[in-house]
file data08.pdb (PDB, C-alpha atoms, pLDDT in the B column)
ATOM      1  CA  MET A   1      32.468   5.642  25.391  1.00 48.00           C
ATOM      2  CA  GLU A   2      29.737   3.199  26.292  1.00 65.00           C
ATOM      3  CA  LYS A   3      26.231   4.084  25.088  1.00 79.00           C
ATOM      4  CA  TYR A   4      23.274   3.648  27.395  1.00 81.00           C
ATOM      5  CA  THR A   5      19.553   3.657  26.915  1.00 95.00           C
ATOM      6  CA  TYR A   6      17.683   5.742  29.460  1.00 95.00           C
ATOM      7  CA  LYS A   7      14.452   5.732  31.423  1.00 96.00           C
ATOM      8  CA  GLU A   8      12.609   8.227  33.588  1.00 94.00           C
ATOM      9  CA  SER A   9      13.809   7.982  37.190  1.00 93.00           C
ATOM     10  CA  GLY A  10      10.431   8.853  38.722  1.00 90.00           C
ATOM     11  CA  VAL A  11      12.157  11.619  40.701  1.00 89.00           C
ATOM     12  CA  ASP A  12      11.319  15.022  39.204  1.00 85.00           C
ATOM     13  CA  TRP A  13      14.639  16.759  39.817  1.00 84.00           C
ATOM     14  CA  LEU A  14      16.739  13.704  38.886  1.00 89.00           C
ATOM     15  CA  GLY A  15      15.271  13.212  35.412  1.00 91.00           C
ATOM     16  CA  VAL A  16      16.467  10.285  33.316  1.00 94.00           C
ATOM     17  CA  ILE A  17      18.872   7.570  34.428  1.00 95.00           C
ATOM     18  CA  PRO A  18      20.496   4.651  32.588  1.00 96.00           C
ATOM     19  CA  LYS A  19      17.912   1.926  32.026  1.00 95.00           C
ATOM     20  CA  HIS A  20      19.889  -0.719  33.934  1.00 95.00           C
ATOM     21  CA  TRP A  21      20.018   1.381  37.134  1.00 95.00           C
ATOM     22  CA  LYS A  22      17.533   0.721  39.894  1.00 94.00           C
ATOM     23  CA  ILE A  23      15.863   3.464  41.870  1.00 94.00           C
ATOM     24  CA  ASP A  24      14.270   2.906  45.221  1.00 93.00           C
ATOM     25  CA  ARG A  25      13.980   4.244  48.736  1.00 94.00           C
ATOM     26  CA  ILE A  26      17.156   4.317  50.816  1.00 94.00           C
ATOM     27  CA  LYS A  27      15.624   2.092  53.498  1.00 94.00           C
ATOM     28  CA  PHE A  28      15.752  -0.849  51.089  1.00 93.00           C
ATOM     29  CA  TYR A  29      19.513  -0.774  50.614  1.00 89.00           C
ATOM     30  CA  ASP A  30      21.067   1.283  53.401  1.00 93.00           C
ATOM     31  CA  HIS A  31      20.621   1.244  57.177  1.00 95.00           C
ATOM     32  CA  VAL A  32      19.393   4.507  58.750  1.00 97.00           C
ATOM     33  CA  ILE A  33      20.031   5.043  62.486  1.00 97.00           C
ATOM     34  CA  MET A  34      18.279   8.087  63.934  1.00 97.00           C
ATOM     35  CA  GLY A  35      20.115   9.664  66.857  1.00 97.00           C
ATOM     36  CA  GLN A  36      18.724   9.784  70.362  1.00 97.00           C
ATOM     37  CA  SER A  37      20.170  12.029  73.021  1.00 94.00           C
ATOM     38  CA  PRO A  38      21.524  10.380  76.175  1.00 96.00           C
ATOM     39  CA  LYS A  39      20.798  11.620  79.682  1.00 96.00           C
ATOM     40  CA  SER A  40      22.871  14.728  80.373  1.00 95.00           C
ATOM     41  CA  SER A  41      24.431  12.999  83.407  1.00 97.00           C
ATOM     42  CA  PHE A  42      26.191  10.595  80.995  1.00 97.00           C
ATOM     43  CA  VAL A  43      27.835  13.408  78.971  1.00 97.00           C
ATOM     44  CA  ASN A  44      31.212  14.903  79.897  1.00 97.00           C
ATOM     45  CA  GLU A  45      34.029  17.028  78.510  1.00 97.00           C
ATOM     46  CA  GLU A  46      36.813  15.083  80.217  1.00 97.00           C
ATOM     47  CA  GLY A  47      37.133  12.270  77.658  1.00 96.00           C
ATOM     48  CA  TYR A  48      35.337   9.465  79.506  1.00 96.00           C
ATOM     49  CA  GLY A  49      33.452   7.048  77.275  1.00 97.00           C
ATOM     50  CA  ILE A  50      32.709   7.276  73.566  1.00 97.00           C
ATOM     51  CA  PRO A  51      32.813  10.601  71.674  1.00 98.00           C
ATOM     52  CA  PHE A  52      29.337  12.167  71.580  1.00 98.00           C
ATOM     53  CA  LEU A  53      27.816  14.280  68.799  1.00 98.00           C
ATOM     54  CA  GLN A  54      24.615  16.191  69.469  1.00 95.00           C
ATOM     55  CA  GLY A  55      24.386  17.744  66.005  1.00 95.00           C
ATOM     56  CA  ASN A  56      26.341  19.370  63.234  1.00 95.00           C
ATOM     57  CA  THR A  57      28.010  21.907  65.548  1.00 95.00           C
ATOM     58  CA  GLU A  58      30.637  19.204  66.104  1.00 96.00           C
ATOM     59  CA  PHE A  59      31.168  18.664  62.362  1.00 97.00           C
ATOM     60  CA  GLY A  60      34.625  19.255  60.960  1.00 96.00           C
ATOM     61  CA  GLU A  61      35.543  19.622  57.309  1.00 95.00           C
ATOM     62  CA  THR A  62      35.145  15.877  56.694  1.00 95.00           C
ATOM     63  CA  ASN A  63      35.056  14.184  60.104  1.00 97.00           C
ATOM     64  CA  PRO A  64      33.543  15.254  63.435  1.00 98.00           C
ATOM     65  CA  LEU A  65      35.482  17.011  66.180  1.00 96.00           C
ATOM     66  CA  ASN A  66      35.581  15.449  69.645  1.00 93.00           C
ATOM     67  CA  ARG A  67      34.226  17.966  72.162  1.00 96.00           C
ATOM     68  CA  TYR A  68      32.041  15.761  74.335  1.00 97.00           C
ATOM     69  CA  TRP A  69      32.039  12.137  75.458  1.00 98.00           C
ATOM     70  CA  CYS A  70      29.322   9.864  76.714  1.00 97.00           C
ATOM     71  CA  THR A  71      29.508   6.913  79.077  1.00 97.00           C
ATOM     72  CA  ASN A  72      26.107   5.464  78.131  1.00 95.00           C
ATOM     73  CA  GLY A  73      24.274   6.382  74.939  1.00 94.00           C
ATOM     74  CA  PRO A  74      21.392   4.703  73.129  1.00 94.00           C
ATOM     75  CA  LYS A  75      22.367   5.278  69.462  1.00 97.00           C
ATOM     76  CA  LYS A  76      25.771   4.880  67.877  1.00 97.00           C
ATOM     77  CA  SER A  77      27.439   5.364  64.511  1.00 98.00           C
ATOM     78  CA  GLU A  78      30.288   3.189  63.292  1.00 97.00           C
ATOM     79  CA  ALA A  79      33.429   4.198  61.409  1.00 96.00           C
ATOM     80  CA  GLY A  80      32.510   4.811  57.779  1.00 95.00           C
ATOM     81  CA  ASP A  81      28.882   5.787  58.443  1.00 97.00           C
ATOM     82  CA  ILE A  82      27.626   8.963  56.815  1.00 97.00           C
ATOM     83  CA  LEU A  83      26.405  11.447  59.415  1.00 98.00           C
ATOM     84  CA  LEU A  84      23.444  13.552  58.263  1.00 98.00           C
ATOM     85  CA  SER A  85      22.207  16.590  60.151  1.00 97.00           C
ATOM     86  CA  VAL A  86      18.428  16.234  60.582  1.00 97.00           C
ATOM     87  CA  ARG A  87      18.005  19.572  62.391  1.00 94.00           C
ATOM     88  CA  ALA A  88      19.262  23.050  61.533  1.00 83.00           C
ATOM     89  CA  SER A  89      21.263  23.141  59.323  1.00 89.00           C
ATOM     90  CA  ILE A  90      19.460  20.248  57.715  1.00 95.00           C
ATOM     91  CA  GLY A  91      21.378  18.166  55.201  1.00 95.00           C
ATOM     92  CA  GLU A  92      24.934  18.861  56.327  1.00 96.00           C
ATOM     93  CA  LEU A  93      27.209  15.812  56.115  1.00 96.00           C
ATOM     94  CA  ASN A  94      30.268  14.349  57.791  1.00 97.00           C
ATOM     95  CA  ILE A  95      31.847  10.917  57.842  1.00 97.00           C
ATOM     96  CA  SER A  96      32.145   8.981  61.066  1.00 97.00           C
ATOM     97  CA  ASP A  97      35.850   8.189  61.451  1.00 97.00           C
ATOM     98  CA  GLN A  98      35.250   6.143  64.614  1.00 98.00           C
ATOM     99  CA  PRO A  99      32.260   5.076  66.724  1.00 98.00           C
ATOM    100  CA  TYR A 100      30.226   7.999  68.078  1.00 98.00           C
ATOM    101  CA  ILE A 101      27.179   8.259  70.277  1.00 98.00           C
ATOM    102  CA  ILE A 102      24.768  10.314  68.155  1.00 98.00           C
ATOM    103  CA  GLY A 103      22.182  12.716  69.527  1.00 97.00           C
ATOM    104  CA  ARG A 104      18.813  13.553  68.038  1.00 95.00           C
ATOM    105  CA  GLY A 105      20.222  16.229  65.735  1.00 96.00           C
ATOM    106  CA  LEU A 106      21.865  13.539  63.588  1.00 98.00           C
ATOM    107  CA  CYS A 107      21.305  10.268  61.848  1.00 98.00           C
ATOM    108  CA  ALA A 108      23.889   7.772  60.686  1.00 98.00           C
ATOM    109  CA  ILE A 109      23.493   6.087  57.323  1.00 97.00           C
ATOM    110  CA  ARG A 110      25.355   2.831  56.880  1.00 96.00           C
ATOM    111  CA  ALA A 111      25.779   1.832  53.242  1.00 91.00           C
ATOM    112  CA  TRP A 112      25.369  -1.904  52.754  1.00 85.00           C
ATOM    113  CA  GLN A 113      24.325  -2.161  49.102  1.00 79.00           C
ATOM    114  CA  ASN A 114      25.878   1.133  48.105  1.00 80.00           C
ATOM    115  CA  ASN A 115      29.393   2.437  47.756  1.00 88.00           C
ATOM    116  CA  ASP A 116      29.679   4.774  50.755  1.00 91.00           C
ATOM    117  CA  ARG A 117      31.399   7.531  48.748  1.00 92.00           C
ATOM    118  CA  PHE A 118      28.741   7.378  46.017  1.00 93.00           C
ATOM    119  CA  LEU A 119      26.024   7.602  48.673  1.00 93.00           C
ATOM    120  CA  PHE A 120      27.833  10.549  50.316  1.00 94.00           C
ATOM    121  CA  TYR A 121      27.919  12.447  47.013  1.00 94.00           C
ATOM    122  CA  TYR A 122      24.268  11.677  46.354  1.00 94.00           C
ATOM    123  CA  LEU A 123      23.235  12.891  49.810  1.00 95.00           C
ATOM    124  CA  SER A 124      25.299  16.048  49.323  1.00 93.00           C
ATOM    125  CA  ILE A 125      23.029  17.105  46.444  1.00 92.00           C
ATOM    126  CA  VAL A 126      19.700  16.456  48.215  1.00 91.00           C
ATOM    127  CA  GLY A 127      20.174  18.938  51.067  1.00 87.00           C
ATOM    128  CA  GLU A 128      17.742  21.419  49.508  1.00 87.00           C
ATOM    129  CA  TYR A 129      15.135  18.673  49.174  1.00 91.00           C
ATOM    130  CA  PHE A 130      15.448  17.836  52.873  1.00 94.00           C
ATOM    131  CA  THR A 131      15.154  21.530  53.749  1.00 92.00           C
ATOM    132  CA  SER A 132      11.999  21.818  51.620  1.00 92.00           C
ATOM    133  CA  ILE A 133      10.222  18.980  53.472  1.00 93.00           C
ATOM    134  CA  ALA A 134      11.339  19.929  56.995  1.00 95.00           C
ATOM    135  CA  THR A 135       8.634  20.652  59.549  1.00 94.00           C
ATOM    136  CA  GLY A 136       8.527  22.198  63.001  1.00 91.00           C
ATOM    137  CA  THR A 137       7.589  25.266  64.983  1.00 86.00           C
ATOM    138  CA  THR A 138      10.527  25.903  67.335  1.00 86.00           C
ATOM    139  CA  PHE A 139      13.057  24.547  64.828  1.00 87.00           C
ATOM    140  CA  PHE A 140      12.856  22.708  61.535  1.00 93.00           C
ATOM    141  CA  ALA A 141      13.752  19.038  61.339  1.00 96.00           C
ATOM    142  CA  ILE A 142      13.280  15.987  59.172  1.00 97.00           C
ATOM    143  CA  LYS A 143      11.992  12.644  60.442  1.00 96.00           C
ATOM    144  CA  ALA A 144      13.321   9.109  60.097  1.00 96.00           C
ATOM    145  CA  SER A 145      10.685   8.403  57.441  1.00 97.00           C
ATOM    146  CA  ASP A 146      11.929  11.391  55.400  1.00 97.00           C
ATOM    147  CA  VAL A 147      15.426   9.919  55.262  1.00 97.00           C
ATOM    148  CA  LYS A 148      14.351   6.288  54.834  1.00 97.00           C
ATOM    149  CA  ASN A 149      11.883   7.101  52.048  1.00 96.00           C
ATOM    150  CA  LEU A 150      14.304   9.251  50.044  1.00 95.00           C
ATOM    151  CA  LYS A 151      14.475   7.832  46.538  1.00 94.00           C
ATOM    152  CA  ALA A 152      17.970   7.317  45.254  1.00 92.00           C
ATOM    153  CA  PRO A 153      19.585   5.679  42.227  1.00 93.00           C
ATOM    154  CA  LEU A 154      21.312   2.354  42.652  1.00 92.00           C
ATOM    155  CA  PRO A 155      23.726   1.767  39.787  1.00 94.00           C
ATOM    156  CA  PRO A 156      25.787  -1.430  39.814  1.00 95.00           C
ATOM    157  CA  ILE A 157      28.490  -1.179  42.487  1.00 94.00           C
ATOM    158  CA  SER A 158      31.288  -0.977  39.874  1.00 94.00           C
ATOM    159  CA  GLU A 159      29.626   2.108  38.353  1.00 95.00           C
ATOM    160  CA  GLN A 160      29.084   3.663  41.790  1.00 94.00           C
ATOM    161  CA  LYS A 161      32.785   3.283  42.486  1.00 94.00           C
ATOM    162  CA  ALA A 162      33.737   4.723  39.091  1.00 95.00           C
ATOM    163  CA  ILE A 163      31.424   7.723  39.607  1.00 94.00           C
ATOM    164  CA  ALA A 164      32.806   8.348  43.109  1.00 93.00           C
ATOM    165  CA  ASP A 165      36.394   8.024  41.830  1.00 94.00           C
ATOM    166  CA  TYR A 166      35.653  10.502  39.038  1.00 94.00           C
ATOM    167  CA  LEU A 167      34.162  13.005  41.492  1.00 92.00           C
ATOM    168  CA  VAL A 168      37.308  13.023  43.658  1.00 84.00           C
ATOM    169  CA  ALA A 169      39.766  13.100  40.756  1.00 66.00           C
ATOM    170  CA  PRO A 170      41.827  16.314  40.506  1.00 57.00           C
TER     171      PRO A 170
END
call {"tool": "encode", "arguments": {"input": "data08.pdb", "output": "structure tokens"}}
result
Amino acid sequence: MEKYTYKESGVDWLGVIPKHWKIDRIKFYDHVIMGQSPKSSFVNEEGYGIPFLQGNTEFGETNPLNRYWCTNGPKKSEAGDILLSVRASIGELNISDQPYIIGRGLCAIRAWQNNDRFLFYYLSIVGEYFTSIATGTTFFAIKASDVKNLKAPLPPISEQKAIADYLVAP
């Protein structure tokens, strides 16, 4: 077993991390796309256009369920993006298995310096944090800056993959 030296992460609930890991805000190593709802006249249930997700009500166990489609939408996820619910229930996750038009109840996070599975597991443990910082009067929500400024560890990609592989092992 390899021995590491550790340092404080700077994130209260995270504690110490291996000294060679970086920690920074998500916006510096992942792309965050906040959803924006299309005009209702572009949305249909007949299958015309690209599947449309308004929020987590269309979430399946791992991937979204196609209930609505959209012929013209402003914000889109790509296959492999992590879908994060930014409105009630805040913090729920799914994985985009194809392109989707995403409404304002969601954001898509595209890992580009992170292993997407490692990032998914990390986001799955910060749901309570997102709930604690949510604001609103009619309903609670988190903002783009809340997601983009979330501090997260950035181990070397080989370690991210090993951690993700370990977490899915039987």
call {"tool": "residues_around", "arguments": {"input": "data08.pdb", "residues": "A:Ser158", "least_positions_apart": "6", "cutoff": "12 Å", "atoms": "all atoms listed in the file", "output": "list in words"}}
result
Trp21, Gln113, Asn114, Asn115, Phe118, Ala164 and Asp165 of chain A
call {"tool": "write_last_selection", "arguments": {"input": "data08.pdb", "atoms": "C-alpha atoms", "output": "PDB file, keeping the file's coordinate frame"}}
result
ATOM      1  CA  TRP A  21      20.018   1.381  37.134  1.00 95.00           C
ATOM      2  CA  GLN A 113      24.325  -2.161  49.102  1.00 79.00           C
ATOM      3  CA  ASN A 114      25.878   1.133  48.105  1.00 80.00           C
ATOM      4  CA  ASN A 115      29.393   2.437  47.756  1.00 88.00           C
ATOM      5  CA  PHE A 118      28.741   7.378  46.017  1.00 93.00           C
ATOM      6  CA  ALA A 164      32.806   8.348  43.109  1.00 93.00           C
ATOM      7  CA  ASP A 165      36.394   8.024  41.830  1.00 94.00           C
TER       8      ASP A 165
END
call {"tool": "axis_aligned_box", "arguments": {"input": "data08.pdb", "around": "stretch 119-137 of chain A", "padding_each_side": "5 Å", "output": "JSON"}}
result
{"center_x": 17.8, "center_y": 16.4, "center_z": 55.7, "size_x": 30.3, "size_y": 27.7, "size_z": 28.6}
call {"tool": "resolve_selection", "arguments": {"input": "data08.pdb", "expression": "the PyMOL selection byres ((chain A and resi 131) around 9)", "output": "list of chain:residue names"}}
result
A:Ala88, A:Ser89, A:Ile90, A:Gly91, A:Val126, A:Gly127, A:Glu128, A:Tyr129, A:Phe130, A:Ser132, A:Ile133, A:Ala134, A:Thr135, A:Phe140, A:Ala141, A:Ile142
call {"tool": "residues_near_point", "arguments": {"input": "data08.pdb", "point": "(16.8, 9.2, 30.8)", "cutoff": "10 Å", "atoms": "only C-alpha atoms", "output": "list in words"}}
result
Tyr4, Thr5, Tyr6, Lys7, Glu8, Ser9, Leu14, Gly15, Val16, Ile17, Pro18 and Lys19 of chain A
call {"tool": "resolve_selection", "arguments": {"input": "data08.pdb", "expression": "the PyMOL selection byres ((chain A and resi 28) around 10)", "output": "mmCIF file with C-alpha atoms, in the coordinates of the input"}}
result
data_model
loop_
_atom_site.group_PDB
_atom_site.id
_atom_site.type_symbol
_atom_site.label_atom_id
_atom_site.label_comp_id
_atom_site.auth_asym_id
_atom_site.auth_seq_id
_atom_site.Cartn_x
_atom_site.Cartn_y
_atom_site.Cartn_z
ATOM 1 C CA ASP A 24 14.270 2.906 45.221
ATOM 2 C CA ARG A 25 13.980 4.244 48.736
ATOM 3 C CA ILE A 26 17.156 4.317 50.816
ATOM 4 C CA LYS A 27 15.624 2.092 53.498
ATOM 5 C CA TYR A 29 19.513 -0.774 50.614
ATOM 6 C CA ASP A 30 21.067 1.283 53.401
ATOM 7 C CA HIS A 31 20.621 1.244 57.177
ATOM 8 C CA TRP A 112 25.369 -1.904 52.754
ATOM 9 C CA GLN A 113 24.325 -2.161 49.102
ATOM 10 C CA LYS A 148 14.351 6.288 54.834
ATOM 11 C CA ASN A 149 11.883 7.101 52.048
ATOM 12 C CA LYS A 151 14.475 7.832 46.538
#
call {"tool": "resolve_selection", "arguments": {"input": "data08.pdb", "expression": "the PyMOL selection byres ((chain A and resi 73) around 8)", "output": "PDB file with C-alpha atoms, in the coordinates of the input"}}
result
ATOM      1  CA  GLN A  36      18.724   9.784  70.362  1.00 97.00           C
ATOM      2  CA  SER A  37      20.170  12.029  73.021  1.00 94.00           C
ATOM      3  CA  PRO A  38      21.524  10.380  76.175  1.00 96.00           C
ATOM      4  CA  LYS A  39      20.798  11.620  79.682  1.00 96.00           C
ATOM      5  CA  PHE A  42      26.191  10.595  80.995  1.00 97.00           C
ATOM      6  CA  CYS A  70      29.322   9.864  76.714  1.00 97.00           C
ATOM      7  CA  THR A  71      29.508   6.913  79.077  1.00 97.00           C
ATOM      8  CA  ASN A  72      26.107   5.464  78.131  1.00 95.00           C
ATOM      9  CA  PRO A  74      21.392   4.703  73.129  1.00 94.00           C
ATOM     10  CA  LYS A  75      22.367   5.278  69.462  1.00 97.00           C
ATOM     11  CA  LYS A  76      25.771   4.880  67.877  1.00 97.00           C
ATOM     12  CA  ILE A 101      27.179   8.259  70.277  1.00 98.00           C
ATOM     13  CA  ILE A 102      24.768  10.314  68.155  1.00 98.00           C
TER      14      ILE A 102
END
call {"tool": "atom_distance", "arguments": {"input": "data08.pdb", "atom1": "atom CA of A:Glu46", "atom2": "atom CA of A:Leu65"}}
result
14.2 Å
call {"tool": "closest_residue", "arguments": {"input": "data08.pdb", "among": "A:Val32, A:Leu53, A:Val43, A:Leu93", "to": "A:Arg110", "atoms": "only C-alpha atoms"}}
result
A:Val32
call {"tool": "atom_distance", "arguments": {"input": "data08.pdb", "atom1": "atom CA of A:Leu119", "atom2": "atom CA of A:Arg67"}}
result
27.0 Å
call {"tool": "atom_distance", "arguments": {"input": "data08.pdb", "atom1": "atom CA of A:Ile23", "atom2": "atom CA of A:Val147"}}
result
14.9 Å
call {"tool": "closest_residue", "arguments": {"input": "data08.pdb", "among": "A:Ile157, A:Ile50, A:Met34, A:Ala111", "to": "A:Leu84", "atoms": "all atoms listed in the file"}}
result
A:Met34
call {"tool": "residues_around", "arguments": {"input": "data08.pdb", "residues": "A:Asn94", "least_positions_apart": "5", "cutoff": "12 Å", "atoms": "only C-alpha atoms", "output": "MDAnalysis selection string"}}
result
chainID A and resid 53 55:65 77 79:85 106:109 116:117 120:121 123:124
call {"tool": "closest_residue", "arguments": {"input": "data08.pdb", "among": "A:Glu92, A:Tyr122, A:Ile33, A:Gly47", "to": "A:Gln160", "atoms": "all atoms listed in the file"}}
result
A:Tyr122
call {"tool": "closest_residue", "arguments": {"input": "data08.pdb", "among": "A:Asp12, A:Lys3, A:His20, A:Arg87", "to": "A:Pro155", "atoms": "only C-alpha atoms"}}
result
A:His20
call {"tool": "closest_residue", "arguments": {"input": "data08.pdb", "among": "A:Lys161, A:Val168, A:Glu78, A:Leu150", "to": "A:Asp97", "atoms": "all atoms listed in the file"}}
result
A:Glu78
